[in-house]
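Asker: my_file-v2.pdb is reproduced below (PDB, C-alpha atoms, pLDDT in the B column).
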```pdb
MODEL        1
ATOM      1  CA  MET O 503     -11.803  64.872 -76.737  1.00 67.00           C
ATOM      2  CA  PRO O 504     -13.236  67.814 -78.709  1.00 82.00           C
ATOM      3  CA  ILE O 505     -12.189  66.363 -82.101  1.00 87.00           C
ATOM      4  CA  TYR O 506     -15.094  64.555 -83.774  1.00 89.00           C
ATOM      5  CA  ILE O 507     -14.953  62.184 -86.733  1.00 89.00           C
ATOM      6  CA  ASN O 508     -17.713  62.715 -89.269  1.00 89.00           C
ATOM      7  CA  LEU O 509     -16.923  59.563 -91.207  1.00 89.00           C
ATOM      8  CA  ASP O 510     -20.496  58.276 -90.908  1.00 89.00           C
ATOM      9  CA  ILE O 511     -21.869  61.427 -92.563  1.00 91.00           C
ATOM     10  CA  VAL O 512     -19.343  61.361 -95.417  1.00 91.00           C
ATOM     11  CA  LEU O 513     -19.943  57.635 -95.952  1.00 90.00           C
ATOM     12  CA  ALA O 514     -23.710  58.254 -96.155  1.00 91.00           C
ATOM     13  CA  GLN O 515     -23.176  61.145 -98.586  1.00 90.00           C
ATOM     14  CA  LYS O 516     -21.016  58.970-100.853  1.00 87.00           C
ATOM     15  CA  GLY O 517     -23.312  55.948-100.496  1.00 88.00           C
ATOM     16  CA  MET O 518     -20.548  53.673 -99.330  1.00 89.00           C
ATOM     17  CA  ARG O 519     -20.542  51.018 -96.605  1.00 89.00           C
ATOM     18  CA  SER O 520     -17.975  50.772 -93.838  1.00 88.00           C
ATOM     19  CA  ASN O 521     -16.667  47.372 -94.880  1.00 88.00           C
ATOM     20  CA  GLU O 522     -16.216  48.586 -98.471  1.00 89.00           C
ATOM     21  CA  LEU O 523     -14.174  51.544 -97.228  1.00 90.00           C
ATOM     22  CA  ALA O 524     -12.136  49.293 -94.933  1.00 90.00           C
ATOM     23  CA  ASP O 525     -11.322  46.985 -97.866  1.00 90.00           C
ATOM     24  CA  ALA O 526     -10.481  49.916-100.109  1.00 90.00           C
ATOM     25  CA  ILE O 527      -8.029  51.584 -97.694  1.00 89.00           C
ATOM     26  CA  GLY O 528      -6.582  48.330 -96.358  1.00 89.00           C
ATOM     27  CA  ILE O 529      -7.533  48.455 -92.663  1.00 88.00           C
ATOM     28  CA  THR O 530      -9.680  46.070 -90.673  1.00 89.00           C
ATOM     29  CA  THR O 531     -13.354  46.767 -90.062  1.00 89.00           C
ATOM     30  CA  ALA O 532     -12.587  46.664 -86.333  1.00 89.00           C
ATOM     31  CA  ASN O 533     -10.092  49.523 -86.687  1.00 88.00           C
ATOM     32  CA  LEU O 534     -12.497  51.478 -88.885  1.00 89.00           C
ATOM     33  CA  SER O 535     -15.153  50.994 -86.218  1.00 90.00           C
ATOM     34  CA  ILE O 536     -12.737  52.399 -83.587  1.00 89.00           C
ATOM     35  CA  LEU O 537     -12.226  55.415 -85.828  1.00 88.00           C
ATOM     36  CA  LYS O 538     -15.949  55.907 -86.457  1.00 87.00           C
ATOM     37  CA  THR O 539     -16.918  55.663 -82.804  1.00 87.00           C
ATOM     38  CA  GLY O 540     -14.315  58.216 -81.742  1.00 84.00           C
ATOM     39  CA  LYS O 541     -12.307  55.757 -79.631  1.00 86.00           C
ATOM     40  CA  ALA O 542      -9.144  56.276 -81.694  1.00 87.00           C
ATOM     41  CA  LYS O 543      -6.328  58.189 -79.990  1.00 87.00           C
ATOM     42  CA  ALA O 544      -4.724  59.294 -83.261  1.00 89.00           C
ATOM     43  CA  ILE O 545      -4.955  58.884 -87.026  1.00 89.00           C
ATOM     44  CA  ARG O 546      -1.998  58.388 -89.327  1.00 90.00           C
ATOM     45  CA  PHE O 547      -1.600  60.773 -92.287  1.00 92.00           C
ATOM     46  CA  SER O 548      -1.391  57.716 -94.549  1.00 91.00           C
ATOM     47  CA  THR O 549      -4.796  56.471 -93.319  1.00 90.00           C
ATOM     48  CA  LEU O 550      -6.313  59.939 -93.655  1.00 91.00           C
ATOM     49  CA  GLU O 551      -4.875  60.263 -97.151  1.00 92.00           C
ATOM     50  CA  ALA O 552      -6.320  56.868 -98.159  1.00 91.00           C
ATOM     51  CA  ILE O 553      -9.786  57.734 -96.794  1.00 92.00           C
ATOM     52  CA  CYS O 554      -9.782  61.124 -98.564  1.00 92.00           C
ATOM     53  CA  GLU O 555      -8.688  59.469-101.798  1.00 91.00           C
ATOM     54  CA  VAL O 556     -11.378  56.764-101.690  1.00 91.00           C
ATOM     55  CA  LEU O 557     -14.185  59.058-100.518  1.00 90.00           C
ATOM     56  CA  ASP O 558     -12.994  61.970-102.679  1.00 90.00           C
ATOM     57  CA  CYS O 559     -13.160  64.446 -99.817  1.00 90.00           C
ATOM     58  CA  GLN O 560     -10.942  66.772 -97.738  1.00 91.00           C
ATOM     59  CA  PRO O 561      -9.585  66.047 -94.239  1.00 91.00           C
ATOM     60  CA  GLY O 562     -11.775  68.908 -93.009  1.00 92.00           C
ATOM     61  CA  ASP O 563     -14.858  66.987 -94.131  1.00 90.00           C
ATOM     62  CA  LEU O 564     -13.897  64.098 -91.852  1.00 90.00           C
ATOM     63  CA  LEU O 565     -12.565  65.932 -88.803  1.00 90.00           C
ATOM     64  CA  GLU O 566     -14.380  68.560 -86.804  1.00 89.00           C
ATOM     65  CA  TYR O 567     -13.399  70.568 -83.729  1.00 90.00           C
ATOM     66  CA  ARG O 568     -16.192  71.251 -81.234  1.00 86.00           C
ATOM     67  CA  GLU O 569     -15.677  72.913 -77.866  1.00 82.00           C
ATOM     68  CA  ASP O 570     -16.972  70.695 -75.029  1.00 71.00           C
TER      69      ASP O 570
ATOM     70  CA  MET B 343      14.662  26.436 -71.155  1.00 73.00           C
ATOM     71  CA  TRP B 344      16.109  29.444 -69.293  1.00 78.00           C
ATOM     72  CA  ILE B 345      12.652  30.662 -68.241  1.00 79.00           C
ATOM     73  CA  ARG B 346      11.674  27.185 -67.072  1.00 83.00           C
ATOM     74  CA  LEU B 347      14.794  27.031 -64.915  1.00 86.00           C
ATOM     75  CA  LEU B 348      14.011  30.428 -63.376  1.00 85.00           C
ATOM     76  CA  ARG B 349      10.442  29.334 -62.727  1.00 86.00           C
ATOM     77  CA  PHE B 350      11.688  26.190 -61.011  1.00 89.00           C
ATOM     78  CA  CYS B 351      14.002  28.293 -58.818  1.00 89.00           C
ATOM     79  CA  LEU B 352      11.085  30.550 -57.854  1.00 89.00           C
ATOM     80  CA  TYR B 353       8.981  27.489 -57.076  1.00 90.00           C
ATOM     81  CA  ALA B 354      11.739  26.094 -54.839  1.00 92.00           C
ATOM     82  CA  ILE B 355      12.112  29.452 -53.042  1.00 91.00           C
ATOM     83  CA  TYR B 356       8.339  29.548 -52.614  1.00 91.00           C
ATOM     84  CA  LEU B 357       8.322  26.101 -50.967  1.00 92.00           C
ATOM     85  CA  PHE B 358      11.196  27.019 -48.643  1.00 90.00           C
ATOM     86  CA  ALA B 359       9.465  30.296 -47.762  1.00 89.00           C
ATOM     87  CA  ILE B 360       6.270  28.413 -46.836  1.00 91.00           C
ATOM     88  CA  LEU B 361       8.237  25.959 -44.697  1.00 90.00           C
ATOM     89  CA  SER B 362      10.063  28.845 -43.022  1.00 87.00           C
ATOM     90  CA  ALA B 363       6.782  30.660 -42.338  1.00 86.00           C
ATOM     91  CA  ILE B 364       5.283  27.499 -40.794  1.00 88.00           C
ATOM     92  CA  ALA B 365       8.433  26.921 -38.724  1.00 85.00           C
ATOM     93  CA  SER B 366       8.292  30.497 -37.431  1.00 80.00           C
ATOM     94  CA  MET B 367       4.945  29.693 -35.793  1.00 81.00           C
ATOM     95  CA  PHE B 368       6.657  27.258 -33.421  1.00 80.00           C
ATOM     96  CA  ILE B 369       7.940  30.226 -31.443  1.00 77.00           C
ATOM     97  CA  PHE B 370       4.422  30.675 -30.049  1.00 78.00           C
ATOM     98  CA  PHE B 371       4.406  27.114 -28.686  1.00 76.00           C
ATOM     99  CA  GLU B 372       7.740  27.839 -27.020  1.00 73.00           C
ATOM    100  CA  TRP B 373       6.269  31.026 -25.614  1.00 72.00           C
ATOM    101  CA  GLN B 374       3.488  29.043 -23.939  1.00 72.00           C
ATOM    102  CA  LEU B 375       6.067  26.776 -22.258  1.00 73.00           C
ATOM    103  CA  GLY B 376       7.548  29.823 -20.539  1.00 70.00           C
ATOM    104  CA  GLU B 377      11.125  28.996 -21.552  1.00 73.00           C
ATOM    105  CA  PRO B 378      13.601  31.779 -22.357  1.00 76.00           C
ATOM    106  CA  ILE B 379      13.635  32.348 -26.111  1.00 79.00           C
ATOM    107  CA  LEU B 380      16.356  33.900 -28.242  1.00 80.00           C
ATOM    108  CA  LEU B 381      14.965  35.287 -31.494  1.00 80.00           C
ATOM    109  CA  SER B 382      17.316  36.285 -34.314  1.00 80.00           C
ATOM    110  CA  ILE B 383      15.886  38.720 -36.840  1.00 79.00           C
ATOM    111  CA  GLY B 384      18.569  39.710 -39.316  1.00 73.00           C
ATOM    112  CA  SER B 385      21.571  40.685 -37.209  1.00 72.00           C
ATOM    113  CA  THR B 386      19.417  41.554 -34.170  1.00 78.00           C
ATOM    114  CA  GLU B 387      19.081  39.035 -31.371  1.00 81.00           C
ATOM    115  CA  ILE B 388      16.363  39.582 -28.782  1.00 83.00           C
ATOM    116  CA  GLU B 389      15.150  37.664 -25.736  1.00 82.00           C
ATOM    117  CA  ASN B 390      11.667  37.307 -24.274  1.00 79.00           C
ATOM    118  CA  THR B 391      12.226  39.432 -21.196  1.00 80.00           C
ATOM    119  CA  HIS B 392       9.139  41.590 -21.735  1.00 82.00           C
ATOM    120  CA  TRP B 393       5.584  40.937 -22.918  1.00 83.00           C
ATOM    121  CA  SER B 394       6.118  43.084 -26.015  1.00 85.00           C
ATOM    122  CA  PHE B 395       8.420  40.312 -27.296  1.00 85.00           C
ATOM    123  CA  LEU B 396       5.222  38.506 -28.299  1.00 85.00           C
ATOM    124  CA  LEU B 397       4.186  41.519 -30.373  1.00 88.00           C
ATOM    125  CA  VAL B 398       7.580  41.571 -32.091  1.00 88.00           C
ATOM    126  CA  ALA B 399       7.291  37.816 -32.763  1.00 86.00           C
ATOM    127  CA  ILE B 400       3.773  38.216 -34.199  1.00 88.00           C
ATOM    128  CA  LEU B 401       4.898  41.061 -36.500  1.00 90.00           C
ATOM    129  CA  ALA B 402       7.922  39.006 -37.573  1.00 87.00           C
ATOM    130  CA  SER B 403       5.591  36.088 -38.375  1.00 88.00           C
ATOM    131  CA  VAL B 404       3.313  38.393 -40.362  1.00 90.00           C
ATOM    132  CA  SER B 405       6.372  39.572 -42.289  1.00 90.00           C
ATOM    133  CA  GLN B 406       7.198  35.914 -43.047  1.00 89.00           C
ATOM    134  CA  VAL B 407       3.707  35.494 -44.501  1.00 91.00           C
ATOM    135  CA  LEU B 408       4.177  38.694 -46.544  1.00 92.00           C
ATOM    136  CA  PHE B 409       7.464  37.297 -47.845  1.00 91.00           C
ATOM    137  CA  VAL B 410       5.620  34.135 -48.952  1.00 92.00           C
ATOM    138  CA  LEU B 411       3.023  36.332 -50.675  1.00 93.00           C
ATOM    139  CA  MET B 412       5.765  38.320 -52.409  1.00 93.00           C
ATOM    140  CA  ILE B 413       7.346  35.124 -53.773  1.00 92.00           C
ATOM    141  CA  TYR B 414       3.846  33.942 -54.745  1.00 93.00           C
ATOM    142  CA  GLU B 415       3.314  37.136 -56.767  1.00 91.00           C
ATOM    143  CA  LEU B 416       6.735  36.755 -58.400  1.00 90.00           C
ATOM    144  CA  ARG B 417       5.777  33.180 -59.320  1.00 89.00           C
ATOM    145  CA  ARG B 418       2.553  34.452 -60.859  1.00 88.00           C
ATOM    146  CA  ILE B 419       4.553  37.062 -62.811  1.00 87.00           C
ATOM    147  CA  ALA B 420       6.697  34.225 -64.185  1.00 85.00           C
ATOM    148  CA  GLN B 421       3.507  32.353 -65.115  1.00 83.00           C
ATOM    149  CA  THR B 422       2.004  35.348 -66.943  1.00 82.00           C
ATOM    150  CA  LEU B 423       4.648  34.963 -69.663  1.00 75.00           C
ATOM    151  CA  ASP B 424       2.394  32.209 -71.075  1.00 72.00           C
ATOM    152  CA  VAL B 425      -0.820  34.226 -71.378  1.00 70.00           C
ATOM    153  CA  THR B 426      -1.872  36.554 -74.201  1.00 68.00           C
ATOM    154  CA  ASP B 427      -0.418  40.056 -74.524  1.00 69.00           C
ATOM    155  CA  GLU B 428      -3.423  42.082 -73.396  1.00 67.00           C
ATOM    156  CA  VAL B 429      -4.040  40.053 -70.242  1.00 72.00           C
ATOM    157  CA  ARG B 430      -0.328  39.918 -69.444  1.00 75.00           C
ATOM    158  CA  ASP B 431       0.165  43.684 -69.671  1.00 75.00           C
ATOM    159  CA  ARG B 432      -2.674  44.313 -67.243  1.00 77.00           C
ATOM    160  CA  LEU B 433      -1.676  41.574 -64.799  1.00 83.00           C
ATOM    161  CA  LEU B 434       2.035  42.396 -64.763  1.00 87.00           C
ATOM    162  CA  HIS B 435       1.401  45.903 -63.443  1.00 87.00           C
ATOM    163  CA  LEU B 436      -0.845  44.663 -60.625  1.00 90.00           C
ATOM    164  CA  ARG B 437       1.405  41.754 -59.635  1.00 91.00           C
ATOM    165  CA  PHE B 438       4.613  43.798 -59.573  1.00 92.00           C
ATOM    166  CA  ARG B 439       2.847  46.397 -57.445  1.00 93.00           C
ATOM    167  CA  LYS B 440       1.591  43.756 -55.019  1.00 93.00           C
ATOM    168  CA  ALA B 441       5.012  42.090 -54.791  1.00 93.00           C
ATOM    169  CA  GLY B 442       6.661  45.469 -54.126  1.00 94.00           C
ATOM    170  CA  ALA B 443       4.131  46.396 -51.453  1.00 95.00           C
ATOM    171  CA  TYR B 444       4.521  43.018 -49.707  1.00 94.00           C
ATOM    172  CA  CYS B 445       8.304  43.390 -49.768  1.00 93.00           C
ATOM    173  CA  ILE B 446       8.313  46.915 -48.301  1.00 93.00           C
ATOM    174  CA  ILE B 447       5.686  46.239 -45.609  1.00 93.00           C
ATOM    175  CA  GLY B 448       7.268  42.872 -44.766  1.00 91.00           C
ATOM    176  CA  SER B 449      10.764  44.308 -44.401  1.00 88.00           C
ATOM    177  CA  LEU B 450       9.472  47.076 -42.129  1.00 89.00           C
ATOM    178  CA  LEU B 451       7.468  44.663 -39.955  1.00 89.00           C
ATOM    179  CA  ASN B 452      10.373  42.263 -39.781  1.00 85.00           C
ATOM    180  CA  ARG B 453      13.156  44.573 -38.658  1.00 85.00           C
ATOM    181  CA  ILE B 454      11.812  47.791 -37.105  1.00 88.00           C
ATOM    182  CA  PRO B 455       9.947  46.208 -34.129  1.00 89.00           C
ATOM    183  CA  ALA B 456      12.972  43.992 -33.411  1.00 87.00           C
ATOM    184  CA  TYR B 457      15.335  47.023 -33.434  1.00 86.00           C
ATOM    185  CA  LEU B 458      13.028  48.970 -31.135  1.00 89.00           C
ATOM    186  CA  TYR B 459      12.667  46.038 -28.733  1.00 89.00           C
ATOM    187  CA  TYR B 460      16.435  45.491 -28.740  1.00 88.00           C
ATOM    188  CA  TRP B 461      17.284  49.095 -27.874  1.00 86.00           C
ATOM    189  CA  LYS B 462      14.562  49.315 -25.229  1.00 86.00           C
ATOM    190  CA  TYR B 463      15.203  46.034 -23.375  1.00 84.00           C
ATOM    191  CA  LYS B 464      18.762  44.969 -24.246  1.00 80.00           C
ATOM    192  CA  SER B 465      19.897  45.610 -20.673  1.00 80.00           C
ATOM    193  CA  THR B 466      17.537  42.852 -19.489  1.00 78.00           C
ATOM    194  CA  PHE B 467      18.918  40.217 -21.881  1.00 77.00           C
ATOM    195  CA  HIS B 468      20.837  37.350 -20.287  1.00 71.00           C
ATOM    196  CA  THR B 469      23.391  37.159 -23.099  1.00 64.00           C
ATOM    197  CA  THR B 470      24.524  40.775 -22.643  1.00 57.00           C
ATOM    198  CA  SER B 471      26.211  39.873 -19.335  1.00 54.00           C
ATOM    199  CA  GLU B 472      28.349  37.162 -20.965  1.00 58.00           C
ATOM    200  CA  PRO B 473      32.021  38.080 -21.547  1.00 58.00           C
ATOM    201  CA  ARG B 474      32.961  38.845 -25.136  1.00 60.00           C
ATOM    202  CA  VAL B 475      35.827  36.969 -26.806  1.00 64.00           C
ATOM    203  CA  TYR B 476      36.601  39.736 -29.309  1.00 63.00           C
ATOM    204  CA  SER B 477      37.737  43.180 -28.263  1.00 64.00           C
ATOM    205  CA  ILE B 478      36.702  44.698 -31.583  1.00 65.00           C
ATOM    206  CA  SER B 479      33.675  43.704 -33.613  1.00 57.00           C
ATOM    207  CA  TYR B 480      32.262  45.065 -36.836  1.00 62.00           C
ATOM    208  CA  ASN B 481      28.713  44.895 -38.055  1.00 60.00           C
ATOM    209  CA  LEU B 482      28.504  45.283 -41.818  1.00 61.00           C
ATOM    210  CA  GLY B 483      24.803  45.855 -41.522  1.00 56.00           C
ATOM    211  CA  VAL B 484      24.059  48.022 -44.550  1.00 62.00           C
ATOM    212  CA  SER B 485      24.510  45.261 -47.089  1.00 63.00           C
ATOM    213  CA  TYR B 486      22.651  42.412 -48.733  1.00 69.00           C
ATOM    214  CA  ASP B 487      21.143  41.132 -45.476  1.00 70.00           C
ATOM    215  CA  SER B 488      19.959  44.535 -44.274  1.00 73.00           C
ATOM    216  CA  MET B 489      16.464  45.956 -44.151  1.00 77.00           C
ATOM    217  CA  LEU B 490      17.560  48.680 -46.570  1.00 81.00           C
ATOM    218  CA  PHE B 491      18.309  46.062 -49.202  1.00 84.00           C
ATOM    219  CA  LEU B 492      14.876  44.490 -48.828  1.00 85.00           C
ATOM    220  CA  PHE B 493      13.331  47.954 -48.838  1.00 86.00           C
ATOM    221  CA  SER B 494      15.167  48.909 -52.036  1.00 89.00           C
ATOM    222  CA  ILE B 495      14.045  45.654 -53.703  1.00 91.00           C
ATOM    223  CA  GLY B 496      10.452  46.554 -52.801  1.00 91.00           C
ATOM    224  CA  ILE B 497      10.851  50.051 -54.261  1.00 93.00           C
ATOM    225  CA  PHE B 498      12.462  48.538 -57.355  1.00 93.00           C
ATOM    226  CA  LEU B 499       9.440  46.248 -57.829  1.00 92.00           C
ATOM    227  CA  LEU B 500       7.104  49.239 -57.468  1.00 93.00           C
ATOM    228  CA  LEU B 501       9.175  51.121 -60.063  1.00 93.00           C
ATOM    229  CA  ILE B 502       8.932  48.172 -62.462  1.00 92.00           C
ATOM    230  CA  SER B 503       5.182  48.194 -61.854  1.00 91.00           C
ATOM    231  CA  GLU B 504       5.042  51.873 -62.874  1.00 91.00           C
ATOM    232  CA  ILE B 505       7.197  51.190 -65.952  1.00 91.00           C
ATOM    233  CA  VAL B 506       4.809  48.402 -66.965  1.00 88.00           C
ATOM    234  CA  ARG B 507       1.839  50.744 -66.440  1.00 89.00           C
ATOM    235  CA  THR B 508       3.431  53.480 -68.590  1.00 89.00           C
ATOM    236  CA  ASN B 509       4.289  50.889 -71.209  1.00 87.00           C
ATOM    237  CA  ASN B 510       0.666  49.685 -71.198  1.00 85.00           C
ATOM    238  CA  ALA B 511      -0.593  53.247 -71.738  1.00 85.00           C
ATOM    239  CA  LEU B 512       1.828  53.798 -74.637  1.00 87.00           C
ATOM    240  CA  LYS B 513       0.915  50.451 -76.166  1.00 85.00           C
ATOM    241  CA  GLU B 514      -2.781  51.234 -75.888  1.00 82.00           C
ATOM    242  CA  GLU B 515      -2.234  54.605 -77.557  1.00 84.00           C
ATOM    243  CA  ASN B 516      -0.268  52.940 -80.326  1.00 84.00           C
ATOM    244  CA  ASP B 517      -2.969  50.292 -80.791  1.00 80.00           C
ATOM    245  CA  LEU B 518      -5.631  52.985 -81.028  1.00 83.00           C
ATOM    246  CA  THR B 519      -3.738  54.895 -83.704  1.00 85.00           C
ATOM    247  CA  ILE B 520      -5.509  54.038 -86.925  1.00 83.00           C
TER     248      ILE B 520
ENDMDL
END
```
Translate the structure described by the file into structure tokens.

Answerer:
Amino acid sequence: MPIYINLDIVLAQKGMRSNELADAIGITTANLSILKTGKAKAIRFSTLEAICEVLDCQPGDLLEYRED
Amino acid sequence: MWIRLLRFCLYAIYLFAILSAIASMFIFFEWQLGEPILLSIGSTEIENTHWSFLLVAILASVSQVLFVLMIYELRRIAQTLDVTDEVRDRLLHLRFRKAGAYCIIGSLLNRIPAYLYYWKYKSTFHTTSEPRVYSISYNLGVSYDSMLFLFSIGIFLLLISEIVRTNNALKEENDLTI
């Protein structure tokens, strides 16, 4: 899938750990790991909104389209 | 309670199917004795007037074994209701597909060779020369005891298998939506 999740980069920029983000947005670390590794099939707007709110970023910072 | 009763029924059918499959093997002992044999497959009755009768009997026996395997798979489907969701979803698809394939192949092996043998060699059968009591007879063949019924059950099982597979894909997609 040509949609890439740059959550690792944004997390590093904000100096936050994955488990802290998972606790803050109310999802399991396993689900966050699925999202980070690109195995997720879709992302809910509510999850995206929560991540953007906690990390103080835009959806465009997290998602990237790259042609394969 | 209801599921346990259904499982018991499947178990009973499975036992009877095994006994029937074992009993069907006795025809080969009879064949060795050289006695005339009348074999009833569905509504078709055939006699051993040609060597190809043995082939028909072997295929009919194979179909009996396939029937046992189909019931076995249905029993396993009933048992999968106890296992966890992920394993069950994967197994249900495979087991329904196997049961459907066994049913279709078994019904074809059971009836088609017997029909062909009947139409080819019916003039050589001893029973055909016997006088008939009834002047008119009906054969309501396309019904619950017909090959078409068995065939449609097999297709139905394959369709259920595909439904389970589609359901699995949708469930996986839903699970991977974060």

Asker: For a quick test of understanding: name the residues of chain B lying within 10 Å of chain O when counting all atoms listed in the file, and present them as JSON, numbers by chain.

Answerer: {"B": [514, 515, 516, 517, 518, 519, 520]}

Asker: As a check of understanding, name the residues that the PyMOL selection byres ((chain O and resi 554-558) around 8) selects in the supplied structure, as number ranges by chain.

Answerer: O: 512-513, 516, 523, 526-527, 550-553, 559-561

Asker: Work out where the centre of an axis-aligned box around every listed atom of segment 526-535 of chain O lies and how long its edges are once 5 Å is added on each side; give both in Å to one decimal as AutoDock Vina command-line options.

Answerer:
```
--center_x -10.9 --center_y 48.8 --center_z -93.2 --size_x 18.6 --size_y 15.5 --size_z 23.9
```

Asker: With all atoms listed in the file as the atoms that count, which of B:Phe438, B:Phe350, B:Phe467, B:Phe498 lies nearest to Ile379 of chain B?

Answerer: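 Closest candidate: B:Phe467.
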
Asker: Neighbouring residues of segment 439-451 of chain B were defined as those with any atom within 6 Å, considering only C-alpha atoms; residues of the same chain fewer than 3 positions away were excluded. Please report them as a list of chain:residue names.

Answerer: B:Leu401, B:Ser405, B:Leu408, B:Met412, B:Glu415, B:Leu436, B:Ile454, B:Met489, B:Phe493, B:Gly496, B:Leu499, B:Leu500, B:Ser503

Asker: What is the atom CA of Ile507 of chain O-atom CA of Glu566 of chain O distance in Å, reported with one decimal?

Answerer: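 Interatomic distance here is 6.4 Å.
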
Asker: Which of these, B:Ile364, B:Leu433, B:Leu396, B:Leu347, has the shortest distance to Leu381 of chain B once you count only C-alpha atoms?

Answerer: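 Closest to Leu381 of chain B of all the choices is B:Leu396.
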
Asker: To one decimal place in Å, what is the distance between atom CA of Leu509 of chain O and atom CA of Leu564 of chain O?

Answerer: 5.5 Å

Asker: One decimal, Å: what's the distance from atom CA of Lys513 of chain B over to atom CA of Pro504 of chain O, could you say?

Answerer: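 Calculated distance between atom CA of Lys513 of chain B and atom CA of Pro504 of chain O is 22.5 Å.
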
Asker: Evaluate the PyMOL selection byres ((chain B and resi 391) around 7) and record the selected residues as a list in words, following the chain and residue labels used in the document.

Answerer: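 Selected by the PyMOL selection byres ((chain B and resi 391) around 7) in this file: Glu389, Asn390, His392, Thr466 and Phe467 of chain B.
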
Asker: Counting all atoms listed in the file, which residue out of B:Ile369, B:Leu423, B:Leu375, B:Ile360 sits closest to Val407 of chain B?

Answerer: B:Ile360

Asker: Quick one: everything within 10 Å of Ile505 of chain O, counting all atoms listed in the file, minus sequence neighbours fewer than 2 positions away in the same chain. Send it as a CSV table (one decimal) with C-alpha atoms, in the frame of the given file.

Answerer:
```csv
chain,number,residue,atom,x,y,z
O,503,MET,CA,-11.8,64.9,-76.7
O,507,ILE,CA,-15.0,62.2,-86.7
O,508,ASN,CA,-17.7,62.7,-89.3
O,540,GLY,CA,-14.3,58.2,-81.7
O,565,LEU,CA,-12.6,65.9,-88.8
O,566,GLU,CA,-14.4,68.6,-86.8
O,567,TYR,CA,-13.4,70.6,-83.7
O,568,ARG,CA,-16.2,71.3,-81.2
O,569,GLU,CA,-15.7,72.9,-77.9
O,570,ASP,CA,-17.0,70.7,-75.0
```

Asker: Would you please work out which residue, of B:Ala359, B:Ile383, B:Leu458, B:Leu501, is nearest to Ala402 of chain B when using all atoms listed in the file?

Answerer: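 For Ala402 of chain B, the nearest of the given residues is B:Ile383.
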